[in-house]
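Trainee: Sharing entry09.json here; it has JSON, C-alpha atoms.
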[["chain", "number", "residue", "atom", "x", "y", "z"],
["J", 1, "MET", "CA", 2.61, -13.13, -25.36],
["J", 2, "LYS", "CA", -0.06, -13.83, -27.94],
["J", 3, "LYS", "CA", -3.04, -11.85, -26.66],
["J", 4, "PHE", "CA", -3.91, -9.03, -24.27],
["J", 5, "THR", "CA", -5.24, -11.39, -21.60],
["J", 6, "ASP", "CA", -1.96, -13.33, -21.36],
["J", 7, "THR", "CA", 0.05, -13.05, -18.16],
["J", 8, "PHE", "CA", 3.59, -13.14, -16.85],
["J", 9, "VAL", "CA", 4.08, -15.56, -13.94],
["J", 10, "LEU", "CA", 6.16, -14.45, -10.97],
["J", 11, "SER", "CA", 8.54, -16.72, -9.05],
["J", 12, "ASN", "CA", 5.83, -17.37, -6.44],
["J", 13, "GLY", "CA", 3.21, -18.27, -9.05],
["J", 14, "VAL", "CA", 1.31, -14.96, -9.02],
["J", 15, "GLU", "CA", 0.12, -13.97, -12.50],
["J", 16, "VAL", "CA", 0.60, -10.41, -13.80],
["J", 17, "PRO", "CA", -1.43, -9.13, -16.78],
["J", 18, "CYS", "CA", 0.99, -8.65, -19.67],
["J", 19, "ILE", "CA", 0.27, -4.94, -20.27],
["J", 20, "GLY", "CA", -0.37, -2.56, -17.40],
["J", 21, "TYR", "CA", -1.88, 0.89, -17.12],
["J", 22, "GLY", "CA", 0.37, 3.42, -15.38],
["J", 23, "THR", "CA", -0.68, 6.54, -13.48],
["J", 24, "TRP", "CA", 2.60, 8.42, -13.04],
["J", 25, "GLN", "CA", 2.02, 12.20, -13.29],
["J", 26, "SER", "CA", -1.75, 11.71, -13.16],
["J", 27, "PRO", "CA", -3.13, 14.22, -10.63],
["J", 28, "ASP", "CA", -5.43, 13.15, -7.82],
["J", 29, "GLY", "CA", -9.07, 13.87, -8.62],
["J", 30, "GLU", "CA", -11.80, 13.24, -11.17],
["J", 31, "GLU", "CA", -9.49, 13.29, -14.20],
["J", 32, "THR", "CA", -7.42, 10.38, -12.94],
["J", 33, "LYS", "CA", -10.43, 8.51, -11.58],
["J", 34, "ASN", "CA", -12.15, 8.76, -14.95],
["J", 35, "ALA", "CA", -8.99, 7.76, -16.81],
["J", 36, "VAL", "CA", -8.53, 4.63, -14.70],
["J", 37, "LYS", "CA", -12.21, 3.76, -15.12],
["J", 38, "SER", "CA", -11.79, 4.16, -18.89],
["J", 39, "ALA", "CA", -8.73, 1.92, -18.83],
["J", 40, "ILE", "CA", -10.67, -0.76, -16.99],
["J", 41, "GLU", "CA", -13.56, -0.40, -19.45],
["J", 42, "CYS", "CA", -11.05, -0.89, -22.29],
["J", 43, "GLY", "CA", -9.98, -4.16, -20.69],
["J", 44, "TYR", "CA", -6.93, -3.28, -18.59],
["J", 45, "ARG", "CA", -6.69, -5.39, -15.46],
["J", 46, "HIS", "CA", -3.28, -4.23, -14.25],
["J", 47, "ILE", "CA", -3.15, -0.77, -12.64],
["J", 48, "ASP", "CA", 0.12, 0.75, -11.42],
["J", 49, "THR", "CA", 0.33, 3.63, -8.95],
["J", 50, "ALA", "CA", 2.56, 4.79, -6.07],
["J", 51, "SER", "CA", 2.20, 6.67, -2.82],
["J", 52, "ALA", "CA", 4.47, 9.38, -4.26],
["J", 53, "TYR", "CA", 2.05, 9.93, -7.16],
["J", 54, "GLY", "CA", -0.52, 11.22, -4.69],
["J", 55, "ASN", "CA", -3.37, 9.58, -6.59],
["J", 56, "GLU", "CA", -3.99, 6.30, -4.78],
["J", 57, "ALA", "CA", -7.42, 7.44, -3.57],
["J", 58, "SER", "CA", -8.51, 8.28, -7.12],
["J", 59, "VAL", "CA", -7.22, 4.94, -8.39],
["J", 60, "GLY", "CA", -9.06, 3.13, -5.62],
["J", 61, "ASP", "CA", -12.29, 5.02, -6.33],
["J", 62, "ALA", "CA", -12.04, 4.14, -10.01],
["J", 63, "ILE", "CA", -11.60, 0.46, -9.24],
["J", 64, "LYS", "CA", -14.57, 0.45, -6.87],
["J", 65, "GLU", "CA", -16.78, 2.29, -9.37],
["J", 66, "SER", "CA", -15.70, 0.15, -12.33],
["J", 67, "GLY", "CA", -17.99, -2.71, -11.41],
["J", 68, "VAL", "CA", -15.15, -5.19, -11.95],
["J", 69, "ALA", "CA", -14.46, -7.52, -9.04],
["J", 70, "ARG", "CA", -11.42, -6.61, -6.96],
["J", 71, "GLU", "CA", -9.80, -10.01, -7.49],
["J", 72, "GLU", "CA", -9.86, -9.47, -11.25],
["J", 73, "ILE", "CA", -7.69, -6.33, -11.04],
["J", 74, "PHE", "CA", -3.96, -6.48, -10.34],
["J", 75, "ILE", "CA", -3.00, -3.44, -8.23],
["J", 76, "THR", "CA", 0.58, -2.26, -7.79],
["J", 77, "THR", "CA", 1.69, 0.58, -5.56],
["J", 78, "LYS", "CA", 5.09, 1.69, -4.32],
["J", 79, "HIS", "CA", 6.72, 2.59, -1.02],
["J", 80, "TRP", "CA", 8.27, 6.06, -0.90],
["J", 81, "VAL", "CA", 11.78, 6.93, 0.27],
["J", 82, "THR", "CA", 10.67, 8.99, 3.29],
["J", 83, "GLU", "CA", 9.05, 5.88, 4.81],
["J", 84, "ARG", "CA", 12.12, 3.67, 4.99],
["J", 85, "GLY", "CA", 12.72, 1.32, 7.90],
["J", 86, "TYR", "CA", 10.70, -1.58, 9.27],
["J", 87, "GLU", "CA", 8.02, 0.24, 11.27],
["J", 88, "LYS", "CA", 7.56, 3.07, 8.77],
["J", 89, "THR", "CA", 7.32, 0.59, 5.91],
["J", 90, "VAL", "CA", 4.53, -1.39, 7.55],
["J", 91, "ALA", "CA", 2.68, 1.84, 8.35],
["J", 92, "ALA", "CA", 3.18, 3.14, 4.80],
["J", 93, "ALA", "CA", 1.68, -0.02, 3.31],
["J", 94, "GLU", "CA", -1.31, 0.24, 5.62],
["J", 95, "ALA", "CA", -1.77, 3.87, 4.52],
["J", 96, "SER", "CA", -1.70, 2.82, 0.87],
["J", 97, "LEU", "CA", -4.23, 0.08, 1.52],
["J", 98, "LYS", "CA", -6.51, 2.60, 3.20],
["J", 99, "ALA", "CA", -6.10, 5.17, 0.42],
["J", 100, "LEU", "CA", -6.84, 2.57, -2.24],
["J", 101, "GLY", "CA", -9.74, 1.17, -0.22],
["J", 102, "VAL", "CA", -8.59, -2.44, -0.53],
["J", 103, "ASP", "CA", -7.70, -5.26, 1.85],
["J", 104, "TYR", "CA", -4.59, -6.41, 0.03],
["J", 105, "LEU", "CA", -2.13, -5.36, -2.67],
["J", 106, "ASP", "CA", -1.14, -7.54, -5.57],
["J", 107, "LEU", "CA", 2.34, -6.02, -5.77],
["J", 108, "TYR", "CA", 4.26, -3.64, -3.50],
["J", 109, "LEU", "CA", 7.60, -2.17, -4.62],
["J", 110, "ILE", "CA", 10.44, -0.23, -3.01],
["J", 111, "HIS", "CA", 10.25, 2.85, -5.26],
["J", 112, "TRP", "CA", 13.97, 3.77, -5.08],
["J", 113, "PRO", "CA", 16.90, 2.15, -3.29],
["J", 114, "ALA", "CA", 18.84, 3.91, -0.58],
["J", 115, "VAL", "CA", 22.31, 4.57, -2.05],
["J", 116, "ALA", "CA", 25.85, 5.18, -0.82],
["J", 117, "LYS", "CA", 26.00, 8.74, -2.18],
["J", 118, "PHE", "CA", 23.41, 9.85, 0.35],
["J", 119, "SER", "CA", 23.99, 7.45, 3.25],
["J", 120, "PRO", "CA", 26.89, 5.18, 4.28],
["J", 121, "GLU", "CA", 24.22, 2.94, 5.87],
["J", 122, "TRP", "CA", 22.40, 2.38, 2.57],
["J", 123, "LYS", "CA", 22.58, -1.42, 2.82],
["J", 124, "GLU", "CA", 21.13, -1.43, 6.34],
["J", 125, "ILE", "CA", 18.42, 1.02, 5.28],
["J", 126, "ASN", "CA", 17.31, -1.20, 2.41],
["J", 127, "ALA", "CA", 17.53, -4.29, 4.64],
["J", 128, "SER", "CA", 15.31, -2.75, 7.30],
["J", 129, "THR", "CA", 12.77, -1.67, 4.71],
["J", 130, "TRP", "CA", 12.75, -5.12, 3.12],
["J", 131, "ARG", "CA", 12.06, -6.77, 6.48],
["J", 132, "GLY", "CA", 8.86, -4.72, 6.54],
["J", 133, "PHE", "CA", 8.01, -5.98, 3.07],
["J", 134, "GLU", "CA", 8.59, -9.57, 4.13],
["J", 135, "LYS", "CA", 6.29, -9.17, 7.14],
["J", 136, "LEU", "CA", 3.52, -7.69, 4.97],
["J", 137, "TYR", "CA", 3.92, -10.58, 2.53],
["J", 138, "LYS", "CA", 3.84, -13.22, 5.27],
["J", 139, "ASP", "CA", 0.78, -11.56, 6.80],
["J", 140, "GLY", "CA", -1.08, -11.85, 3.50],
["J", 141, "LYS", "CA", -1.37, -8.10, 2.96],
["J", 142, "ILE", "CA", 0.63, -8.32, -0.27],
["J", 143, "ARG", "CA", 0.61, -11.09, -2.88],
["J", 144, "ALA", "CA", 4.04, -10.22, -4.33],
["J", 145, "ILE", "CA", 6.90, -7.93, -3.29],
["J", 146, "GLY", "CA", 9.62, -6.33, -5.35],
["J", 147, "LEU", "CA", 11.83, -3.44, -6.30],
["J", 148, "SER", "CA", 11.91, -0.42, -8.55],
["J", 149, "ASN", "CA", 14.98, 1.29, -10.00],
["J", 150, "PHE", "CA", 17.41, -1.17, -8.40],
["J", 151, "HIS", "CA", 20.71, -1.93, -10.15],
["J", 152, "GLN", "CA", 22.96, -4.95, -9.65],
["J", 153, "LEU", "CA", 24.83, -3.66, -6.60],
["J", 154, "HIS", "CA", 21.54, -2.83, -4.86],
["J", 155, "ILE", "CA", 20.03, -6.21, -5.79],
["J", 156, "ASP", "CA", 23.11, -8.10, -4.57],
["J", 157, "ALA", "CA", 23.18, -6.21, -1.27],
["J", 158, "LEU", "CA", 19.50, -6.91, -0.68],
["J", 159, "ASN", "CA", 19.77, -10.60, -1.56],
["J", 160, "GLU", "CA", 22.56, -11.06, 1.01],
["J", 161, "PHE", "CA", 19.98, -11.01, 3.80],
["J", 162, "ALA", "CA", 16.58, -11.36, 2.13],
["J", 163, "GLU", "CA", 14.59, -14.33, 3.39],
["J", 164, "ILE", "CA", 12.11, -13.80, 0.55],
["J", 165, "LYS", "CA", 13.71, -12.82, -2.74],
["J", 166, "PRO", "CA", 12.22, -9.88, -4.67],
["J", 167, "MET", "CA", 9.91, -10.93, -7.49],
["J", 168, "VAL", "CA", 9.86, -7.80, -9.67],
["J", 169, "ASN", "CA", 12.18, -4.98, -10.69],
["J", 170, "GLN", "CA", 10.43, -2.02, -12.33],
["J", 171, "ILE", "CA", 12.83, 0.18, -14.30],
["J", 172, "GLU", "CA", 12.84, 2.74, -17.08],
["J", 173, "PHE", "CA", 12.94, 0.77, -20.33],
["J", 174, "HIS", "CA", 12.21, 1.80, -23.91],
["J", 175, "PRO", "CA", 13.93, 2.04, -27.29],
["J", 176, "GLY", "CA", 16.73, 4.52, -26.72],
["J", 177, "PHE", "CA", 17.22, 3.53, -23.07],
["J", 178, "THR", "CA", 17.14, -0.20, -22.42],
["J", 179, "GLN", "CA", 19.40, -0.76, -19.38],
["J", 180, "MET", "CA", 19.95, -4.27, -20.75],
["J", 181, "GLU", "CA", 22.52, -5.13, -18.10],
["J", 182, "VAL", "CA", 19.96, -4.38, -15.39],
["J", 183, "VAL", "CA", 17.29, -6.27, -17.34],
["J", 184, "GLU", "CA", 19.39, -9.40, -17.71],
["J", 185, "TYR", "CA", 20.65, -9.35, -14.12],
["J", 186, "SER", "CA", 17.13, -8.87, -12.78],
["J", 187, "LYS", "CA", 15.89, -11.83, -14.81],
["J", 188, "LYS", "CA", 18.88, -13.91, -13.68],
["J", 189, "SER", "CA", 17.92, -13.02, -10.10],
["J", 190, "GLY", "CA", 14.44, -14.45, -10.64],
["J", 191, "MET", "CA", 12.58, -11.19, -11.17],
["J", 192, "LEU", "CA", 10.06, -10.07, -13.76],
["J", 193, "VAL", "CA", 11.19, -6.77, -15.28],
["J", 194, "GLN", "CA", 8.52, -4.12, -15.66],
["J", 195, "ALA", "CA", 8.98, -1.08, -17.92],
["J", 196, "TRP", "CA", 7.99, 2.34, -16.70],
["J", 197, "SER", "CA", 7.89, 4.94, -19.46],
["J", 198, "PRO", "CA", 7.90, 2.30, -22.24],
["J", 199, "LEU", "CA", 7.25, 5.10, -24.76],
["J", 200, "GLY", "CA", 10.22, 7.15, -23.53],
["J", 201, "SER", "CA", 7.95, 9.84, -22.05],
["J", 202, "GLY", "CA", 6.63, 10.33, -25.58],
["J", 203, "ALA", "CA", 9.98, 11.43, -26.98],
["J", 204, "VAL", "CA", 10.63, 8.09, -28.69],
["J", 205, "LEU", "CA", 7.41, 8.38, -30.72],
["J", 206, "SER", "CA", 9.03, 10.83, -33.13],
["J", 207, "ASP", "CA", 12.25, 8.84, -33.56],
["J", 208, "PRO", "CA", 12.96, 8.03, -37.25],
["J", 209, "THR", "CA", 14.08, 4.46, -36.57],
["J", 210, "VAL", "CA", 10.98, 3.65, -34.53],
["J", 211, "ASN", "CA", 8.72, 5.20, -37.15],
["J", 212, "GLU", "CA", 10.45, 3.41, -40.03],
["J", 213, "ILE", "CA", 9.82, 0.08, -38.28],
["J", 214, "ALA", "CA", 6.25, 1.07, -37.46],
["J", 215, "GLN", "CA", 5.53, 1.99, -41.09],
["J", 216, "ALA", "CA", 6.93, -1.32, -42.30],
["J", 217, "HIS", "CA", 4.45, -3.18, -40.10],
["J", 218, "GLY", "CA", 1.51, -0.84, -40.65],
["J", 219, "LYS", "CA", 1.54, 0.01, -36.96],
["J", 220, "SER", "CA", 2.18, 3.08, -34.82],
["J", 221, "ALA", "CA", 5.39, 4.09, -33.05],
["J", 222, "ALA", "CA", 3.65, 3.38, -29.73],
["J", 223, "HIS", "CA", 2.84, -0.14, -30.89],
["J", 224, "VAL", "CA", 6.51, -0.73, -31.71],
["J", 225, "CYS", "CA", 7.63, 0.45, -28.26],
["J", 226, "ILE", "CA", 5.11, -1.72, -26.42],
["J", 227, "LYS", "CA", 5.91, -4.74, -28.58],
["J", 228, "TYR", "CA", 9.62, -4.16, -28.03],
["J", 229, "ALA", "CA", 9.11, -4.55, -24.29],
["J", 230, "LEU", "CA", 6.97, -7.66, -24.67],
["J", 231, "GLN", "CA", 9.39, -9.37, -27.07],
["J", 232, "ASN", "CA", 12.15, -8.74, -24.54],
["J", 233, "GLY", "CA", 10.07, -10.53, -21.89],
["J", 234, "ILE", "CA", 9.30, -7.25, -20.15],
["J", 235, "ASN", "CA", 5.96, -6.10, -18.71],
["J", 236, "PRO", "CA", 5.17, -2.60, -20.13],
["J", 237, "LEU", "CA", 3.16, -0.05, -18.12],
["J", 238, "THR", "CA", 1.48, 2.19, -20.67],
["J", 239, "LYS", "CA", 0.07, 5.63, -19.92],
["J", 240, "SER", "CA", -2.59, 7.70, -21.63],
["J", 241, "MET", "CA", -5.49, 9.82, -20.43],
["J", 242, "ASN", "CA", -7.21, 9.38, -23.79],
["J", 243, "PRO", "CA", -9.58, 6.35, -23.96],
["J", 244, "SER", "CA", -9.06, 5.83, -27.69],
["J", 245, "ARG", "CA", -5.28, 5.71, -27.21],
["J", 246, "MET", "CA", -5.69, 3.38, -24.23],
["J", 247, "ALA", "CA", -7.60, 0.99, -26.47],
["J", 248, "ASP", "CA", -5.14, 1.38, -29.34],
["J", 249, "ASN", "CA", -2.19, 0.55, -27.06],
["J", 250, "MET", "CA", -3.71, -2.91, -26.64],
["J", 251, "ASN", "CA", -3.43, -3.68, -30.36],
["J", 252, "VAL", "CA", 0.07, -5.13, -30.42],
["J", 253, "PHE", "CA", -0.65, -8.83, -30.85],
["J", 254, "ASP", "CA", -1.13, -8.95, -34.61],
["J", 255, "PHE", "CA", 2.52, -8.42, -35.59],
["J", 256, "GLU", "CA", 6.04, -9.41, -34.57],
["J", 257, "LEU", "CA", 9.21, -7.36, -34.65],
["J", 258, "THR", "CA", 11.85, -9.06, -36.77],
["J", 259, "ALA", "CA", 15.38, -9.85, -35.62],
["J", 260, "ASP", "CA", 16.55, -6.90, -37.74],
["J", 261, "ASP", "CA", 13.94, -4.62, -36.12],
["J", 262, "LEU", "CA", 15.10, -5.63, -32.66],
["J", 263, "LYS", "CA", 18.75, -5.06, -33.59],
["J", 264, "LYS", "CA", 17.95, -1.55, -34.83],
["J", 265, "LEU", "CA", 15.99, -0.72, -31.69],
["J", 266, "ASP", "CA", 18.73, -2.16, -29.48],
["J", 267, "SER", "CA", 21.29, 0.07, -31.23],
["J", 268, "MET", "CA", 19.45, 3.38, -30.92],
["J", 269, "PRO", "CA", 21.32, 6.27, -29.26],
["J", 270, "ILE", "CA", 19.99, 7.54, -25.95],
["J", 271, "THR", "CA", 16.51, 8.89, -26.62],
["J", 272, "GLY", "CA", 13.73, 9.81, -24.20],
["J", 273, "TYR", "CA", 15.83, 9.10, -21.10],
["J", 274, "THR", "CA", 14.43, 10.86, -18.03],
["J", 275, "GLY", "CA", 17.89, 11.33, -16.51],
["J", 276, "TRP", "CA", 16.79, 9.60, -13.32],
["J", 277, "HIS", "CA", 19.42, 7.20, -12.00],
["J", 278, "PRO", "CA", 19.22, 5.48, -8.59],
["J", 279, "GLU", "CA", 22.51, 7.04, -7.54],
["J", 280, "ASP", "CA", 21.23, 10.55, -8.24],
["J", 281, "ALA", "CA", 17.46, 10.91, -8.34],
["J", 282, "PRO", "CA", 15.33, 12.04, -6.68],
["J", 283, "ALA", "CA", 18.38, 13.45, -4.92],
["J", 284, "ASP", "CA", 16.58, 15.45, -2.24],
["J", 285, "ALA", "CA", 14.93, 12.35, -0.77],
["J", 286, "LEU", "CA", 17.25, 9.39, -1.27],
["J", 287, "ALA", "CA", 19.25, 9.67, 1.97],
["J", 288, "GLY", "CA", 16.52, 8.26, 4.19],
["J", 289, "THR", "CA", 16.89, 6.91, 7.70],
["J", 290, "VAL", "CA", 17.11, 3.43, 9.11],
["J", 291, "GLU", "CA", 14.82, 1.98, 11.75],
["J", 292, "GLU", "CA", 15.05, -1.48, 13.29]]
The structure given in the file should be rewritten as structure tokens.
Mentor:
Amino acid sequence: MKKFTDTFVLSNGVEVPCIGYGTWQSPDGEETKNAVKSAIECGYRHIDTASAYGNEASVGDAIKESGVAREEIFITTKHWVTERGYEKTVAAAEASLKALGVDYLDLYLIHWPAVAKFSPEWKEINASTWRGFEKLYKDGKIRAIGLSNFHQLHIDALNEFAEIKPMVNQIEFHPGFTQMEVVEYSKKSGMLVQAWSPLGSGAVLSDPTVNEIAQAHGKSAAHVCIKYALQNGINPLTKSMNPSRMADNMNVFDFELTADDLKKLDSMPITGYTGWHPEDAPADALAGTVEE
């Protein structure tokens, strides 16, 4: 990636702006609406939300009020674990479309996989949900479909029956928690990897290794984290409510991390990890039910 307007290309040809703006933990209301509007004013054309964030309406209002044409903005939202199964999945997508005030989604993701710890029918649950995704895709309601927080065993189980292969896997990725095995397997499976929490929930910004590298390049720790994702072929989803920081997060195309920099970042001990693993979190909701 050489400039902010560059894109990743999914397996079906859909283009994804190379840096996204994330809205996790942004409350519904004017604050989030104004933040998303500011992000769009800064130049962001890739907005990531989820039904579980509870802010889809605010995101949709911001997009409508931005004055930027709908087709110029790439919108991602995610399907929550309580809406698993074919019928519930289709209804959940329609609810997200309504909340966002749009006719189609650019990308729809299964937020978390059903897992064996909470249900012996986890494969069937994910299969039923994916059938809903495939219908929405075939019906033209969604331009691309994918996964979030899926590991190899979940990907393999899904691909056993999937007519349409997932195009994206969005996972936690940042210096100090790279999940490189998941990254490489996702890429091997034909998916673009997206990074949620590319700054390690802010914890990585004070790491000595990251700051040493940043100082050497005359950049910030945030710049190093974002560039680290991009140089690994990963689509980072940045987050800030501050317009000046939003704009600054775009300034990562005037330097390159060296091979030695990348090696140091790859070797960092666990830092900034949320502790959320698909086999454990969010534990109170992962059991789910299956519907045909």
Trainee: Rounded to one decimal, what separation in Å do you get between atom CA of J:Ile75 and atom CA of J:Phe253?
Mentor: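 If I compute the distance from atom CA of J:Ile75 to atom CA of J:Phe253, I get 23.4 Å.
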Trainee: Contacts of J:Tyr185 at 12 Å or less, counting only C-alpha atoms, minus same-chain residues fewer than 2 places along, as a tab-separated table (two decimals) with C-alpha atoms, in the frame of the given file?
Mentor:
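Output file part.tsv is given in full below:
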chain	number	residue	atom	x	y	z
J	150	PHE	CA	17.41	-1.17	-8.40
J	151	HIS	CA	20.71	-1.93	-10.15
J	152	GLN	CA	22.96	-4.95	-9.65
J	153	LEU	CA	24.83	-3.66	-6.60
J	154	HIS	CA	21.54	-2.83	-4.86
J	155	ILE	CA	20.03	-6.21	-5.79
J	156	ASP	CA	23.11	-8.10	-4.57
J	168	VAL	CA	9.86	-7.80	-9.67
J	169	ASN	CA	12.18	-4.98	-10.69
J	179	GLN	CA	19.40	-0.76	-19.38
J	180	MET	CA	19.95	-4.27	-20.75
J	181	GLU	CA	22.52	-5.13	-18.10
J	182	VAL	CA	19.96	-4.38	-15.39
J	183	VAL	CA	17.29	-6.27	-17.34
J	187	LYS	CA	15.89	-11.83	-14.81
J	188	LYS	CA	18.88	-13.91	-13.68
J	189	SER	CA	17.92	-13.02	-10.10
J	190	GLY	CA	14.44	-14.45	-10.64
J	191	MET	CA	12.58	-11.19	-11.17
J	192	LEU	CA	10.06	-10.07	-13.76
J	193	VAL	CA	11.19	-6.77	-15.28
Trainee: So that I can see what lies close to J:Ala95, please list as a compact mmCIF listing (two decimals) with C-alpha atoms, in the coordinates of the input the residues with an atom at most 12 Å from it, counting all atoms listed in the file and leaving out residues fewer than 3 positions away in the same chain.
Mentor:
# COMPACT_ATOMS: atom_id res chain seq x y z
CA ALA J 50 2.56 4.79 -6.07
CA SER J 51 2.20 6.67 -2.82
CA GLY J 54 -0.52 11.22 -4.69
CA GLU J 56 -3.99 6.30 -4.78
CA ALA J 57 -7.42 7.44 -3.57
CA THR J 77 1.69 0.58 -5.56
CA LYS J 78 5.09 1.69 -4.32
CA HIS J 79 6.72 2.59 -1.02
CA TRP J 80 8.27 6.06 -0.90
CA GLU J 83 9.05 5.88 4.81
CA LYS J 88 7.56 3.07 8.77
CA THR J 89 7.32 0.59 5.91
CA VAL J 90 4.53 -1.39 7.55
CA ALA J 91 2.68 1.84 8.35
CA ALA J 92 3.18 3.14 4.80
CA LYS J 98 -6.51 2.60 3.20
CA ALA J 99 -6.10 5.17 0.42
CA LEU J 100 -6.84 2.57 -2.24
CA GLY J 101 -9.74 1.17 -0.22
CA VAL J 102 -8.59 -2.44 -0.53
CA ASP J 103 -7.70 -5.26 1.85
CA TYR J 104 -4.59 -6.41 0.03
CA LEU J 105 -2.13 -5.36 -2.67
Trainee: Quick one: residues within 12 Å of (-7.1, 3.1, -22.4) (file frame), counting all atoms listed in the file, please, as a VMD selection string.
Mentor: chain J and resid 19 to 23 32 34 to 47 237 to 251
Trainee: Can you work out the spacing between atom CA of J:Phe74 and atom CA of J:Glu15 in Å, to one decimal?
Mentor: 8.8 Å
Trainee: Hey, can you check how far atom CA of J:Glu163 sits from atom CA of J:Ser128?
Mentor: 12.2 Å
Trainee: In the coordinate frame of the file, compute which residues have an atom within 6 Å of (16.8, 1.0, -15.5) when using all atoms listed in the file, and state them as a count of residues only.
Mentor: 4
Trainee: Given 5 Å of margin on each side, can you work out the centre and size in Å (one decimal) of an axis-aligned box holding every listed atom of stretch 257-270 of chain J, as JSON?
Mentor:
{"center_x": 15.3, "center_y": -1.2, "center_z": -31.8, "size_x": 22.1, "size_y": 27.4, "size_z": 21.8}
Trainee: Need the shell around J:Ala229: protein/DNA/RNA residues with any atom at most 8 Å away, counting all atoms listed in the file. Skip same-chain ones fewer than 3 positions apart. Format as JSON, numbers by chain?
Mentor: {"J": [173, 174, 195, 198, 225, 226, 232, 233, 234, 235, 236]}
Trainee: Pick out the closest residue to J:Lys3 from this set: J:Val115, J:Ile63, J:Met167, J:Cys18. Count all atoms listed in the file.
Mentor: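 Smallest separation from J:Lys3 among the options: J:Cys18.
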Trainee: Using all atoms listed in the file, pick whichever of J:Ile213, J:Ala157, J:Ala221, J:Ile125 has the shortest atom-to-atom distance to J:Lys263.
Mentor: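 Result for the nearest residue to J:Lys263: J:Ile213.
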Trainee: At a cut-off of 7 Å, using all atoms listed in the file, what residues contact J:Gly176? Leave out same-chain residues fewer than 5 positions from it and give the result as an MDAnalysis selection string.
Mentor: chainID J and resid 268:272
Trainee: With all atoms listed in the file as the atoms that count, which of J:Gly60, J:Pro278, J:Glu30, J:Phe161 lies nearest to J:Ser148?
Mentor: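 Of J:Gly60, J:Pro278, J:Glu30, J:Phe161, the one nearest J:Ser148, counting all atoms listed in the file, is J:Pro278.
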Trainee: When you count only C-alpha atoms, which of these residues is closest to J:Thr209: J:Ile145, J:Leu262, J:Ala62, J:Leu136?
Mentor: J:Leu262
